[in-house]
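> I'd like to ask some things about the structure below.
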Amino acid sequence: MEEMTPEVSMNARQLEIFRAIMRDGSVTAAANSLAVSQPGVSKVLHHLESQLGYKLFERIGGRLVPTMEAHLIYEDADRVFRELEVLKKLTRTIGERKLGLLRIGASLPVTYSVLPEALLAFRQAHPTVKIHLNALPKKEIAEQLLLGDIDFAVTLSTIQAPTVRSEILASVPVVAVMRHDDALAEMMTLTPRDLAGRPLISYGNHADEIGPQLNEAFERDGLTRDVSVQVTSSVGAVPLVRGGIGIALVDGLVRWNSFEGVTVRPFMPEVTMNVAVSTNTARPLSRFFKPFVGELRKLFRALPAQS
């Protein structure tokens, strides 16, 4: 029966001591460089050689001389040791919160409004943290949150799922966005009656969206909200409004006045949309979540009304 060779491995402490002896040329010098006792180094070396089943050093003429086996091992041992040192440094850096990753899922209105400022403030405090931003429709953001592809989501309505926890950060009003040369731009506010007969660009009638609330606002005036062009994200209304296709009833979170050629006016009666941050309770919470959301809260508290 063939004899099985026992599996032997060199642990990190043995690797460090072997490398030091090879580098420094003696047990005494290695002990000094590692700030440990000479007997301790000798004991680790003897134990390592016993494990391996062969000598790593021979004493010739009062000097410690590496064997052929030691030379064969040293190059890879030195490389592994350096990689371990890099890993140690990385773990220390992560522990000190100097390095990390934050994966954000954000709807387009959030991306085109408060998110850049929040990211700027966050990165000033955490300059080495890498950011992965997924600017997507809410349905796709919800899927990524459940799969664990993002750490949290910031959307214009809560995400409904068994393991998802949502917190409302702010309420933003629905506004009317029109071409700057539209006759209705002369008015200070717009009501359903003002919009009667005008092509509307707005959200659909999904139960978890703002559509049903807008329908009620029109119905109170005895009107029907007839949406000519349905959009899932308010930012998509910009080229449509500019092209004269209609007036958009969309969120007031986006900084509409930054888009050339459009004007924004308050819509009455007031209908609001909730900006929510959502996390998946089935997965660990990123340690950078709280500081980032703290920056978002500051921005929402200071958010000016559009007019």
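Identifiers for the structure tokens are assigned positionally: chains receive A, B, ... in sequence, residues are indexed from 1 per chain, and ligands are indexed from 1 in the order shown.
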Show me a table, sorted first by chain and then by increasing residue number, of the residues of region 112-162 of chain A having an atom at most 12 Å from region 221-232 of chain A, each with its shortest atom pair and the distance in Å to one decimal, counting only C-alpha atoms and written as a Markdown table.


```
| residue | atom | partner | partner_atom | distance |
| --- | --- | --- | --- | --- |
| A:Leu136 | CA | A:Thr232 | CA | 10.5 |
| A:Pro137 | CA | A:Thr232 | CA | 7.3 |
| A:Lys138 | CA | A:Thr232 | CA | 8.6 |
| A:Lys139 | CA | A:Thr232 | CA | 10.0 |
| A:Glu140 | CA | A:Thr232 | CA | 12.0 |
| A:Leu156 | CA | A:Thr232 | CA | 10.9 |
```

> Using the chain letters and numbers from this document, which residues of region 81-294 of chain A does DSSP assign to alpha helix (DSSP H), as a short mmCIF file (atom, residue, chain, number, x, y, z; two decimals) with C-alpha atoms, in the first residue's frame?


```cif
data_model
loop_
_atom_site.label_atom_id
_atom_site.label_comp_id
_atom_site.auth_asym_id
_atom_site.auth_seq_id
_atom_site.Cartn_x
_atom_site.Cartn_y
_atom_site.Cartn_z
CA PHE A 81 4.36 37.53 3.13
CA ARG A 82 4.20 40.80 1.19
CA GLU A 83 0.65 39.98 0.10
CA LEU A 84 -0.28 39.32 3.73
CA GLU A 85 1.15 42.70 4.70
CA VAL A 86 -0.95 44.38 2.01
CA LEU A 87 -4.01 42.53 3.31
CA LYS A 88 -3.28 43.60 6.90
CA LYS A 89 -2.97 47.22 5.80
CA LEU A 90 -6.24 46.95 3.88
CA THR A 91 -8.11 45.51 6.88
CA ARG A 92 -6.75 48.29 9.11
CA THR A 93 -7.76 50.93 6.59
CA ILE A 94 -11.27 49.49 6.30
CA GLY A 95 -11.52 49.30 10.10
CA LEU A 108 -33.88 59.87 -11.76
CA PRO A 109 -35.63 62.78 -9.97
CA VAL A 110 -33.42 62.16 -6.93
CA THR A 111 -30.34 61.87 -9.14
CA LEU A 115 -28.13 63.43 -4.79
CA PRO A 116 -25.07 65.27 -6.22
CA GLU A 117 -24.93 67.65 -3.25
CA ALA A 118 -25.37 64.80 -0.78
CA LEU A 119 -22.58 62.85 -2.48
CA LEU A 120 -20.29 65.88 -2.43
CA ALA A 121 -20.81 66.42 1.30
CA PHE A 122 -20.43 62.71 2.04
CA ARG A 123 -17.19 62.40 0.05
CA GLN A 124 -15.69 65.40 1.80
CA ALA A 125 -15.98 63.41 5.04
CA LYS A 138 -38.17 52.30 -9.25
CA LYS A 139 -39.11 48.75 -10.28
CA GLU A 140 -35.53 47.91 -11.24
CA ILE A 141 -34.19 49.60 -8.10
CA ALA A 142 -36.52 47.43 -5.99
CA GLU A 143 -35.22 44.30 -7.71
CA GLN A 144 -31.60 45.28 -7.07
CA LEU A 145 -32.37 46.02 -3.42
CA LEU A 146 -33.94 42.60 -2.91
CA LEU A 147 -31.05 40.86 -4.70
CA PRO A 192 -57.25 71.39 -12.70
CA ARG A 193 -59.62 73.91 -14.29
CA ASP A 194 -56.67 75.86 -15.73
CA LEU A 195 -55.40 72.65 -17.31
CA GLY A 211 -51.68 59.02 -10.11
CA PRO A 212 -54.79 58.20 -8.03
CA GLN A 213 -54.27 61.29 -5.85
CA LEU A 214 -54.02 63.50 -8.92
CA ASN A 215 -57.18 61.89 -10.28
CA GLU A 216 -59.00 62.86 -7.07
CA ALA A 217 -57.80 66.46 -7.36
CA PHE A 218 -59.34 66.70 -10.84
CA GLU A 219 -62.51 64.89 -9.82
CA VAL A 238 -38.36 67.62 -20.19
CA PRO A 239 -37.96 67.04 -23.96
CA LEU A 240 -41.71 66.50 -24.29
CA VAL A 241 -42.54 69.84 -22.66
CA ARG A 242 -39.88 71.61 -24.70
CA PHE A 289 -25.62 54.30 5.26
CA LYS A 290 -26.26 56.55 8.27
CA PRO A 291 -23.69 59.26 7.41
CA PHE A 292 -24.91 59.43 3.82
CA VAL A 293 -28.60 59.59 4.73
CA GLY A 294 -27.68 62.25 7.29
#
```

> Near His132 (chain A), counting only C-alpha atoms, which residues have an atom at most 9 Å away, once you skip same-chain residues fewer than 5 positions from it, shown as a VMD selection string?

chain A and resid 101 to 105 150

> Selection from above, all heavy atoms, as a short mmCIF file (atom, residue, chain, number, x, y, z; two decimals), in the first residue's frame, can you write it?


```cif
data_model
loop_
_atom_site.label_atom_id
_atom_site.label_comp_id
_atom_site.auth_asym_id
_atom_site.auth_seq_id
_atom_site.Cartn_x
_atom_site.Cartn_y
_atom_site.Cartn_z
N LEU A 101 -17.07 50.89 0.29
CA LEU A 101 -17.91 50.95 -0.91
C LEU A 101 -19.34 51.21 -0.49
O LEU A 101 -19.84 50.59 0.45
CB LEU A 101 -17.81 49.62 -1.68
CG LEU A 101 -18.76 49.44 -2.86
CD1 LEU A 101 -18.43 50.44 -3.97
CD2 LEU A 101 -18.69 48.02 -3.38
N LEU A 102 -19.99 52.13 -1.18
CA LEU A 102 -21.40 52.43 -0.94
C LEU A 102 -22.14 52.30 -2.26
O LEU A 102 -21.82 52.99 -3.23
CB LEU A 102 -21.56 53.84 -0.37
CG LEU A 102 -22.97 54.21 0.11
CD1 LEU A 102 -23.40 53.31 1.27
CD2 LEU A 102 -23.02 55.67 0.56
N ARG A 103 -23.13 51.40 -2.30
CA ARG A 103 -23.88 51.14 -3.53
C ARG A 103 -25.29 51.72 -3.38
O ARG A 103 -26.05 51.29 -2.52
CB ARG A 103 -23.94 49.64 -3.80
CG ARG A 103 -22.56 48.98 -3.88
CD ARG A 103 -22.68 47.48 -3.89
NE ARG A 103 -23.40 47.01 -2.70
CZ ARG A 103 -23.91 45.78 -2.58
NH1 ARG A 103 -23.78 44.92 -3.57
NH2 ARG A 103 -24.54 45.42 -1.48
N ILE A 104 -25.59 52.70 -4.22
CA ILE A 104 -26.85 53.44 -4.11
C ILE A 104 -27.72 53.19 -5.32
O ILE A 104 -27.25 53.23 -6.46
CB ILE A 104 -26.57 54.96 -4.00
CG1 ILE A 104 -25.59 55.25 -2.86
CG2 ILE A 104 -27.88 55.74 -3.82
CD1 ILE A 104 -25.07 56.67 -2.86
N GLY A 105 -29.00 52.96 -5.07
CA GLY A 105 -29.99 52.93 -6.14
C GLY A 105 -30.86 54.17 -6.01
O GLY A 105 -31.41 54.43 -4.93
N ILE A 150 -27.55 46.52 -4.36
CA ILE A 150 -27.36 47.87 -3.83
C ILE A 150 -27.56 47.83 -2.32
O ILE A 150 -28.19 46.92 -1.79
CB ILE A 150 -28.33 48.90 -4.47
CG1 ILE A 150 -29.79 48.46 -4.27
CG2 ILE A 150 -28.01 49.11 -5.94
CD1 ILE A 150 -30.80 49.46 -4.78
#
```

> Name the closest residue to Ala153 (chain A) among the candidates A:Val177, A:Leu72, A:Val275, A:Ile210; distances are taken between atoms, counting only C-alpha atoms.

A:Val275

> Could you list, as a PyMOL selection string, every residue within 9 Å of Ala282 (chain A), counting only C-alpha atoms and ignoring same-chain residues fewer than 3 positions away?

chain A and resi 146+163-164+279

> Write out, as a PDB file, in the first residue's frame, the residues just selected, with C-alpha atoms.


```pdb
ATOM      1  CA  LEU A 146     -33.943  42.598  -2.910  1.00  0.00           C
ATOM      2  CA  THR A 163     -38.073  42.447   3.883  1.00  0.00           C
ATOM      3  CA  VAL A 164     -37.850  46.110   2.868  1.00  0.00           C
ATOM      4  CA  THR A 279     -33.126  49.168   2.991  1.00  0.00           C
TER       5      THR A 279
END
```

> Enter the distance from CA of Gln160 (chain A) to CA of Asp251 (chain A), in Å, rounded to one decimal.

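Result for CA of Gln160 (chain A) versus CA of Asp251 (chain A): 20.1 Å, one decimal.
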
> With only C-alpha atoms as the atoms that count, which of A:Leu299, A:Leu133, A:Val277, A:Ile60 lies nearest to Thr155 (chain A)?

A:Val277

> What does the distance between CA of Gly100 (chain A) and CA of Arg297 (chain A) come to in Å, to one decimal place?

21.9 Å
